[in-house]
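Enquirer: Here it is: the structure, laid out below.
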Amino acid sequence: MSEDLTVYMHVLSPFATMAVSFINHLGLPFTEHSINIATGEHKREWYLNINPEGKIPAIKHGDVTIGDSLKICKYLVEVNELETPAYPYKDTKACEEIEVKLRYVEDMEAKSKLLIREGYFNPIFFGGVAISQEEFLQKQKDLQDVYQNLEDMLAENETKFFCGDENATLVDFYYFNIMYHAVDKDLISLDDFPLLHKWFQEVSQIESIRAIRARTTRLMRLVHVYGNYIKPVIDCVLCKRR
Ligand SMILES: N[C@@H](CCC(=O)N[C@@H](CS)C(=O)NCC(=O)O)C(=O)O
């Protein structure tokens, strides 16, 4: 039962939006608890008791606590014994296919994080030094290589979703969520990946995904205004005071 489910998240975290969109897709009720990464709330003792890795997302479900977006999604389907094509946990063959298609998860996570952090958040939000154009292009190229692997995977089957034409699965939820955070910030383009581009349009219409992406977009607009217009003024005032 999921009445006592709390999801610790932030709409700017791809992994958190992945978990939230999937849980909403499953129709499970939960309480959302937004974690303030900027103030280091995810490293406080109370949160480390929930997720010792100090990362978001995480869940508390009764006495059970779990971190990691994919583990969370799989656990919730199984513990609630849900019959869902999004993760048909009783169907060994289907689950094997899902695991095979998720083989680029580590690469996707590492390379997306680097590009988003170094190419976007550090310079605009946390006041870090922007990386050189050369370094940026290299990080972009590294992520493009992962996108090419996904493009090839779609080309192998020529299906609407990664695991068939009928239903989006955990695979689509995972890759879409990690991708949209980079694509919507114009850090990378899908123009060179026609199949991925078509798939992206398809998955973007799933209601729970559309909803969480819209929330990210709204907050990103504020981040943009803050980083480009408000923060420079504050920095200037503080600098003149010194
Ligand atoms: N593999 C994890 C990755 C989670 C992750 O790295 N989350 C980031 C936010 S996007 C985080 O909490 N970073 C804080 C830190 O590493 O200190 C998952 O899928 O949930």
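Chain identifiers are assigned as A, B, and so on, following the order in which chains appear in the structure tokens; residues are numbered from 1 within each chain, and ligands are numbered from 1 in order of appearance.
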For Lys60 in chain A, please output as a list in words all residues within 8 Å (counting only C-alpha atoms; exclusion window: fewer than 3 positions along the same chain).

Expert: Asp4, Leu5, Thr6, Val7, Ile50, Asp63, Val64, Thr65 and Ile66 of chain A

Enquirer: Tell me, as number ranges by chain, which residues lie within 10 Å of range 181-187 of chain A, counting only C-alpha atoms; anything in the same chain fewer than 4 positions away does not count.

Expert: A: 11-15, 17, 112-113, 115-117, 119-120, 136-137, 139-140, 143, 176-177, 213, 216-217, 220, 224

Enquirer: Just the residues within 10 Å of Gly67 in chain A, please, counting only C-alpha atoms, with nothing from its chain fewer than 3 positions along; format it as a list of chain:residue names.

Expert: A:Val7, A:Tyr8, A:Ile50, A:Asn51, A:Pro52, A:Glu53, A:Gly54, A:Lys55, A:Ile56, A:Pro57, A:Ala58, A:Ile59, A:Lys60, A:Leu70, A:Lys71, A:Ile72

Enquirer: Do you know which residues are at most 8 Å from Ala211 in chain A counting only C-alpha atoms, after dropping those on the same chain fewer than 4 positions away, and could you put them as a list in words?

Expert: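 Near Ala211 in chain A, the qualifying residues are Ser21, Glu207 and Arg215 of chain A.
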
Enquirer: Which residues are close to Met153 in chain A, i.e. within 12 Å by only C-alpha atoms, leaving aside same-chain residues fewer than 6 positions away? Reply as an MDAnalysis selection string.

Expert: chainID A and resid 97 100:104 146:147 159:164 171 193 195:196 199

Enquirer: Could you give me, as a PyMOL selection string, the residues within 12 Å of Ala86 in chain A, counting only C-alpha atoms and dropping anything in the same chain fewer than 6 positions from it?

Expert: chain A and resi 21-27+73-74+76-78+94-95+98+161-164+166-174

Enquirer: Emit the selected residues as an mmCIF file, in the first residue's frame, including N, CA, C and O atoms.

Expert:
```cif
data_model
loop_
_atom_site.group_PDB
_atom_site.id
_atom_site.type_symbol
_atom_site.label_atom_id
_atom_site.label_comp_id
_atom_site.auth_asym_id
_atom_site.auth_seq_id
_atom_site.Cartn_x
_atom_site.Cartn_y
_atom_site.Cartn_z
ATOM 1 N N SER A 21 7.729 11.063 -12.304
ATOM 2 C CA SER A 21 6.850 10.843 -13.463
ATOM 3 C C SER A 21 6.424 9.377 -13.543
ATOM 4 O O SER A 21 5.288 9.066 -13.888
ATOM 5 N N PHE A 22 7.330 8.474 -13.190
ATOM 6 C CA PHE A 22 6.983 7.050 -13.247
ATOM 7 C C PHE A 22 5.951 6.699 -12.166
ATOM 8 O O PHE A 22 4.979 5.993 -12.427
ATOM 9 N N ILE A 23 6.155 7.228 -10.969
ATOM 10 C CA ILE A 23 5.214 6.921 -9.866
ATOM 11 C C ILE A 23 3.833 7.497 -10.200
ATOM 12 O O ILE A 23 2.807 6.854 -9.981
ATOM 13 N N ASN A 24 3.795 8.693 -10.769
ATOM 14 C CA ASN A 24 2.512 9.270 -11.187
ATOM 15 C C ASN A 24 1.874 8.433 -12.295
ATOM 16 O O ASN A 24 0.665 8.258 -12.336
ATOM 17 N N HIS A 25 2.704 7.943 -13.202
ATOM 18 C CA HIS A 25 2.210 7.086 -14.291
ATOM 19 C C HIS A 25 1.550 5.820 -13.723
ATOM 20 O O HIS A 25 0.554 5.339 -14.248
ATOM 21 N N LEU A 26 2.134 5.324 -12.634
ATOM 22 C CA LEU A 26 1.572 4.128 -11.995
ATOM 23 C C LEU A 26 0.280 4.450 -11.253
ATOM 24 O O LEU A 26 -0.486 3.560 -10.890
ATOM 25 N N GLY A 27 0.062 5.738 -10.988
ATOM 26 C CA GLY A 27 -1.156 6.157 -10.279
ATOM 27 C C GLY A 27 -1.062 5.980 -8.775
ATOM 28 O O GLY A 27 -2.085 5.919 -8.089
ATOM 29 N N CYS A 73 11.555 2.837 -8.633
ATOM 30 C CA CYS A 73 10.445 2.493 -9.539
ATOM 31 C C CYS A 73 10.159 0.997 -9.518
ATOM 32 O O CYS A 73 9.007 0.571 -9.419
ATOM 33 N N LYS A 74 11.213 0.195 -9.588
ATOM 34 C CA LYS A 74 11.027 -1.262 -9.613
ATOM 35 C C LYS A 74 10.405 -1.741 -8.301
ATOM 36 O O LYS A 74 9.482 -2.553 -8.283
ATOM 37 N N LEU A 76 8.506 -0.106 -6.183
ATOM 38 C CA LEU A 76 7.106 0.286 -5.991
ATOM 39 C C LEU A 76 6.146 -0.564 -6.822
ATOM 40 O O LEU A 76 5.044 -0.872 -6.387
ATOM 41 N N VAL A 77 6.578 -0.948 -8.022
ATOM 42 C CA VAL A 77 5.732 -1.831 -8.838
ATOM 43 C C VAL A 77 5.573 -3.174 -8.123
ATOM 44 O O VAL A 77 4.468 -3.697 -7.971
ATOM 45 N N GLU A 78 6.707 -3.705 -7.644
ATOM 46 C CA GLU A 78 6.683 -5.043 -7.052
ATOM 47 C C GLU A 78 5.953 -5.073 -5.718
ATOM 48 O O GLU A 78 5.124 -5.947 -5.478
ATOM 49 N N ALA A 94 10.411 -10.138 -20.525
ATOM 50 C CA ALA A 94 10.236 -8.692 -20.717
ATOM 51 C C ALA A 94 11.206 -7.905 -19.832
ATOM 52 O O ALA A 94 11.778 -6.896 -20.259
ATOM 53 N N CYS A 95 11.415 -8.397 -18.606
ATOM 54 C CA CYS A 95 12.333 -7.698 -17.696
ATOM 55 C C CYS A 95 13.776 -7.789 -18.182
ATOM 56 O O CYS A 95 14.555 -6.850 -18.033
ATOM 57 N N ILE A 98 14.192 -5.220 -20.746
ATOM 58 C CA ILE A 98 14.310 -3.894 -20.120
ATOM 59 C C ILE A 98 15.744 -3.674 -19.614
ATOM 60 O O ILE A 98 16.346 -2.623 -19.838
ATOM 61 N N PHE A 161 8.466 2.745 -29.092
ATOM 62 C CA PHE A 161 9.163 2.873 -27.818
ATOM 63 C C PHE A 161 10.358 1.916 -27.819
ATOM 64 O O PHE A 161 10.487 1.106 -28.730
ATOM 65 N N PHE A 162 11.184 1.985 -26.782
ATOM 66 C CA PHE A 162 12.367 1.115 -26.784
ATOM 67 C C PHE A 162 12.005 -0.368 -26.734
ATOM 68 O O PHE A 162 12.724 -1.203 -27.262
ATOM 69 N N CYS A 163 10.877 -0.697 -26.082
ATOM 70 C CA CYS A 163 10.502 -2.112 -25.980
ATOM 71 C C CYS A 163 9.174 -2.388 -26.675
ATOM 72 O O CYS A 163 8.274 -2.973 -26.090
ATOM 73 N N GLY A 164 9.008 -1.942 -27.888
ATOM 74 C CA GLY A 164 7.796 -2.259 -28.641
ATOM 75 C C GLY A 164 6.980 -1.032 -29.008
ATOM 76 O O GLY A 164 7.336 0.097 -28.646
ATOM 77 N N GLU A 166 3.579 -0.741 -28.372
ATOM 78 C CA GLU A 166 2.361 -0.545 -27.586
ATOM 79 C C GLU A 166 2.517 0.394 -26.401
ATOM 80 O O GLU A 166 1.723 1.311 -26.212
ATOM 81 N N ASN A 167 3.523 0.122 -25.585
ATOM 82 C CA ASN A 167 3.613 0.840 -24.301
ATOM 83 C C ASN A 167 5.002 1.383 -24.008
ATOM 84 O O ASN A 167 5.996 0.726 -24.314
ATOM 85 N N ALA A 168 5.003 2.536 -23.361
ATOM 86 C CA ALA A 168 6.274 3.048 -22.828
ATOM 87 C C ALA A 168 6.607 2.223 -21.586
ATOM 88 O O ALA A 168 5.718 1.791 -20.860
ATOM 89 N N THR A 169 7.884 1.967 -21.407
ATOM 90 C CA THR A 169 8.322 1.208 -20.223
ATOM 91 C C THR A 169 9.299 2.068 -19.421
ATOM 92 O O THR A 169 9.603 3.209 -19.790
ATOM 93 N N LEU A 170 9.800 1.453 -18.373
ATOM 94 C CA LEU A 170 10.800 2.098 -17.525
ATOM 95 C C LEU A 170 11.964 2.655 -18.356
ATOM 96 O O LEU A 170 12.536 3.691 -18.043
ATOM 97 N N VAL A 171 12.287 1.938 -19.442
ATOM 98 C CA VAL A 171 13.398 2.354 -20.313
ATOM 99 C C VAL A 171 13.124 3.739 -20.900
ATOM 100 O O VAL A 171 13.978 4.633 -20.853
ATOM 101 N N ASP A 172 11.908 3.927 -21.427
ATOM 102 C CA ASP A 172 11.543 5.219 -22.025
ATOM 103 C C ASP A 172 11.504 6.315 -20.961
ATOM 104 O O ASP A 172 11.970 7.432 -21.190
ATOM 105 N N PHE A 173 10.931 5.980 -19.798
ATOM 106 C CA PHE A 173 10.874 6.977 -18.722
ATOM 107 C C PHE A 173 12.276 7.416 -18.320
ATOM 108 O O PHE A 173 12.542 8.594 -18.132
ATOM 109 N N TYR A 174 13.178 6.434 -18.181
ATOM 110 C CA TYR A 174 14.530 6.784 -17.737
ATOM 111 C C TYR A 174 15.227 7.684 -18.767
ATOM 112 O O TYR A 174 15.610 8.817 -18.460
#
```

Enquirer: What is the distance between CA of Leu150 in chain A and CA of Ser204 in chain A, in Å to one decimal?

Expert: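 Atom-to-atom, CA of Leu150 in chain A and CA of Ser204 in chain A are spaced 16.6 Å apart.
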
Enquirer: Find the distance between CA of Ile131 in chain A and CA of Ser69 in chain A and write it in Å to one decimal.

Expert: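 Computing the Euclidean distance for CA of Ile131 in chain A and CA of Ser69 in chain A yields 28.8 Å.
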
Enquirer: Interatomic distance between CA of Asn228 in chain A and CA of Pro123 in chain A?

Expert: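 Straight-line distance from CA of Asn228 in chain A to CA of Pro123 in chain A works out to 10.1 Å.
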
Enquirer: Which residues, written as number ranges by chain, have at least one atom at most 12 Å from Asp192 in chain A, with only C-alpha atoms counted and residues fewer than 4 positions away on the same chain left out?

Expert: A: 144-145, 147-148, 151, 188, 196-198

Enquirer: Go ahead and write the residues just picked, all heavy atoms, as a CSV table (one decimal), in the first residue's frame.

Expert:
```csv
chain,number,residue,atom,x,y,z
A,144,GLN,N,26.8,13.0,-27.0
A,144,GLN,CA,26.3,12.6,-28.3
A,144,GLN,C,26.6,11.2,-28.6
A,144,GLN,O,25.8,10.5,-29.2
A,144,GLN,CB,26.9,13.5,-29.4
A,144,GLN,CG,26.2,14.9,-29.5
A,144,GLN,CD,27.0,15.9,-30.3
A,144,GLN,OE1,28.2,15.7,-30.5
A,144,GLN,NE2,26.3,16.9,-30.7
A,145,ASP,N,27.8,10.7,-28.1
A,145,ASP,CA,28.1,9.3,-28.4
A,145,ASP,C,27.1,8.3,-27.7
A,145,ASP,O,26.7,7.3,-28.2
A,145,ASP,CB,29.5,8.9,-27.8
A,145,ASP,CG,30.6,9.6,-28.7
A,145,ASP,OD1,30.3,10.1,-29.8
A,145,ASP,OD2,31.7,9.7,-28.2
A,147,TYR,N,23.9,9.2,-27.0
A,147,TYR,CA,22.7,9.4,-27.8
A,147,TYR,C,22.8,8.5,-29.1
A,147,TYR,O,21.8,8.0,-29.5
A,147,TYR,CB,22.5,10.9,-28.2
A,147,TYR,CG,22.0,11.7,-27.1
A,147,TYR,CD1,22.1,11.4,-25.7
A,147,TYR,CD2,21.3,12.9,-27.3
A,147,TYR,CE1,21.6,12.2,-24.7
A,147,TYR,CE2,20.8,13.8,-26.3
A,147,TYR,CZ,21.0,13.4,-25.0
A,147,TYR,OH,20.5,14.2,-24.0
A,148,GLN,N,24.0,8.4,-29.7
A,148,GLN,CA,24.1,7.6,-30.9
A,148,GLN,C,23.8,6.1,-30.6
A,148,GLN,O,23.2,5.4,-31.4
A,148,GLN,CB,25.5,7.8,-31.5
A,148,GLN,CG,25.7,7.1,-32.8
A,148,GLN,CD,24.7,7.6,-33.9
A,148,GLN,OE1,24.7,8.8,-34.1
A,148,GLN,NE2,24.0,6.7,-34.5
A,151,GLU,N,20.2,5.8,-30.5
A,151,GLU,CA,19.7,5.9,-31.8
A,151,GLU,C,19.8,4.5,-32.5
A,151,GLU,O,18.9,4.0,-33.2
A,151,GLU,CB,20.5,7.0,-32.6
A,151,GLU,CG,20.1,7.1,-34.1
A,151,GLU,CD,18.9,8.0,-34.3
A,151,GLU,OE1,18.3,8.5,-33.4
A,151,GLU,OE2,18.5,8.1,-35.5
A,188,ILE,N,22.3,20.3,-25.9
A,188,ILE,CA,22.5,19.3,-26.9
A,188,ILE,C,21.3,19.2,-27.8
A,188,ILE,O,20.2,19.6,-27.3
A,188,ILE,CB,22.8,17.9,-26.2
A,188,ILE,CG1,23.3,16.9,-27.2
A,188,ILE,CG2,21.6,17.4,-25.5
A,188,ILE,CD1,24.1,15.7,-26.6
A,196,LEU,N,15.6,9.1,-32.6
A,196,LEU,CA,15.6,9.5,-31.2
A,196,LEU,C,14.6,10.8,-31.1
A,196,LEU,O,13.9,10.9,-30.1
A,196,LEU,CB,17.0,9.9,-30.7
A,196,LEU,CG,17.3,9.7,-29.2
A,196,LEU,CD1,16.9,8.3,-28.7
A,196,LEU,CD2,18.9,9.9,-29.0
A,197,HIS,N,14.7,11.6,-32.1
A,197,HIS,CA,13.9,12.8,-32.1
A,197,HIS,C,12.4,12.4,-32.2
A,197,HIS,O,11.6,13.0,-31.4
A,197,HIS,CB,14.3,13.6,-33.3
A,197,HIS,CG,13.6,15.0,-33.4
A,197,HIS,ND1,12.4,15.2,-34.0
A,197,HIS,CD2,14.0,16.1,-32.8
A,197,HIS,CE1,12.1,16.5,-33.8
A,197,HIS,NE2,13.0,17.1,-33.1
A,198,LYS,N,12.1,11.5,-33.0
A,198,LYS,CA,10.7,11.0,-33.2
A,198,LYS,C,10.2,10.4,-31.9
A,198,LYS,O,9.1,10.6,-31.4
A,198,LYS,CB,10.7,10.0,-34.3
A,198,LYS,CG,9.3,9.7,-34.9
A,198,LYS,CD,9.4,9.1,-36.3
A,198,LYS,CE,8.1,8.5,-36.7
A,198,LYS,NZ,8.1,7.0,-36.5
```

Enquirer: Write down as number ranges by chain the residues belonging to range 20-57 of chain A that are assigned strand (DSSP E or B) by DSSP computed on the backbone.

Expert: A: 31-34

Enquirer: Enumerate as JSON, numbers by chain all residues of range 27-240 of chain A assigned to alpha helix (DSSP H) by DSSP on the backbone, naming them with the chain letters and numbers the document uses.

Expert: {"A": [45, 46, 47, 48, 69, 70, 71, 72, 73, 74, 75, 76, 77, 78, 79, 92, 93, 94, 95, 96, 97, 98, 99, 100, 101, 105, 106, 107, 108, 109, 110, 111, 112, 113, 114, 115, 116, 122, 123, 124, 133, 134, 135, 136, 137, 138, 139, 140, 141, 142, 143, 144, 145, 146, 147, 148, 149, 150, 151, 152, 153, 154, 155, 156, 157, 170, 171, 172, 173, 174, 175, 176, 177, 178, 179, 180, 181, 182, 183, 194, 195, 196, 197, 198, 199, 200, 201, 202, 203, 207, 208, 209, 210, 211, 212, 213, 214, 215, 216, 217, 218, 219, 220, 221, 222, 223, 224, 225, 231, 232, 233, 234, 235, 236, 237, 238, 239, 240]}
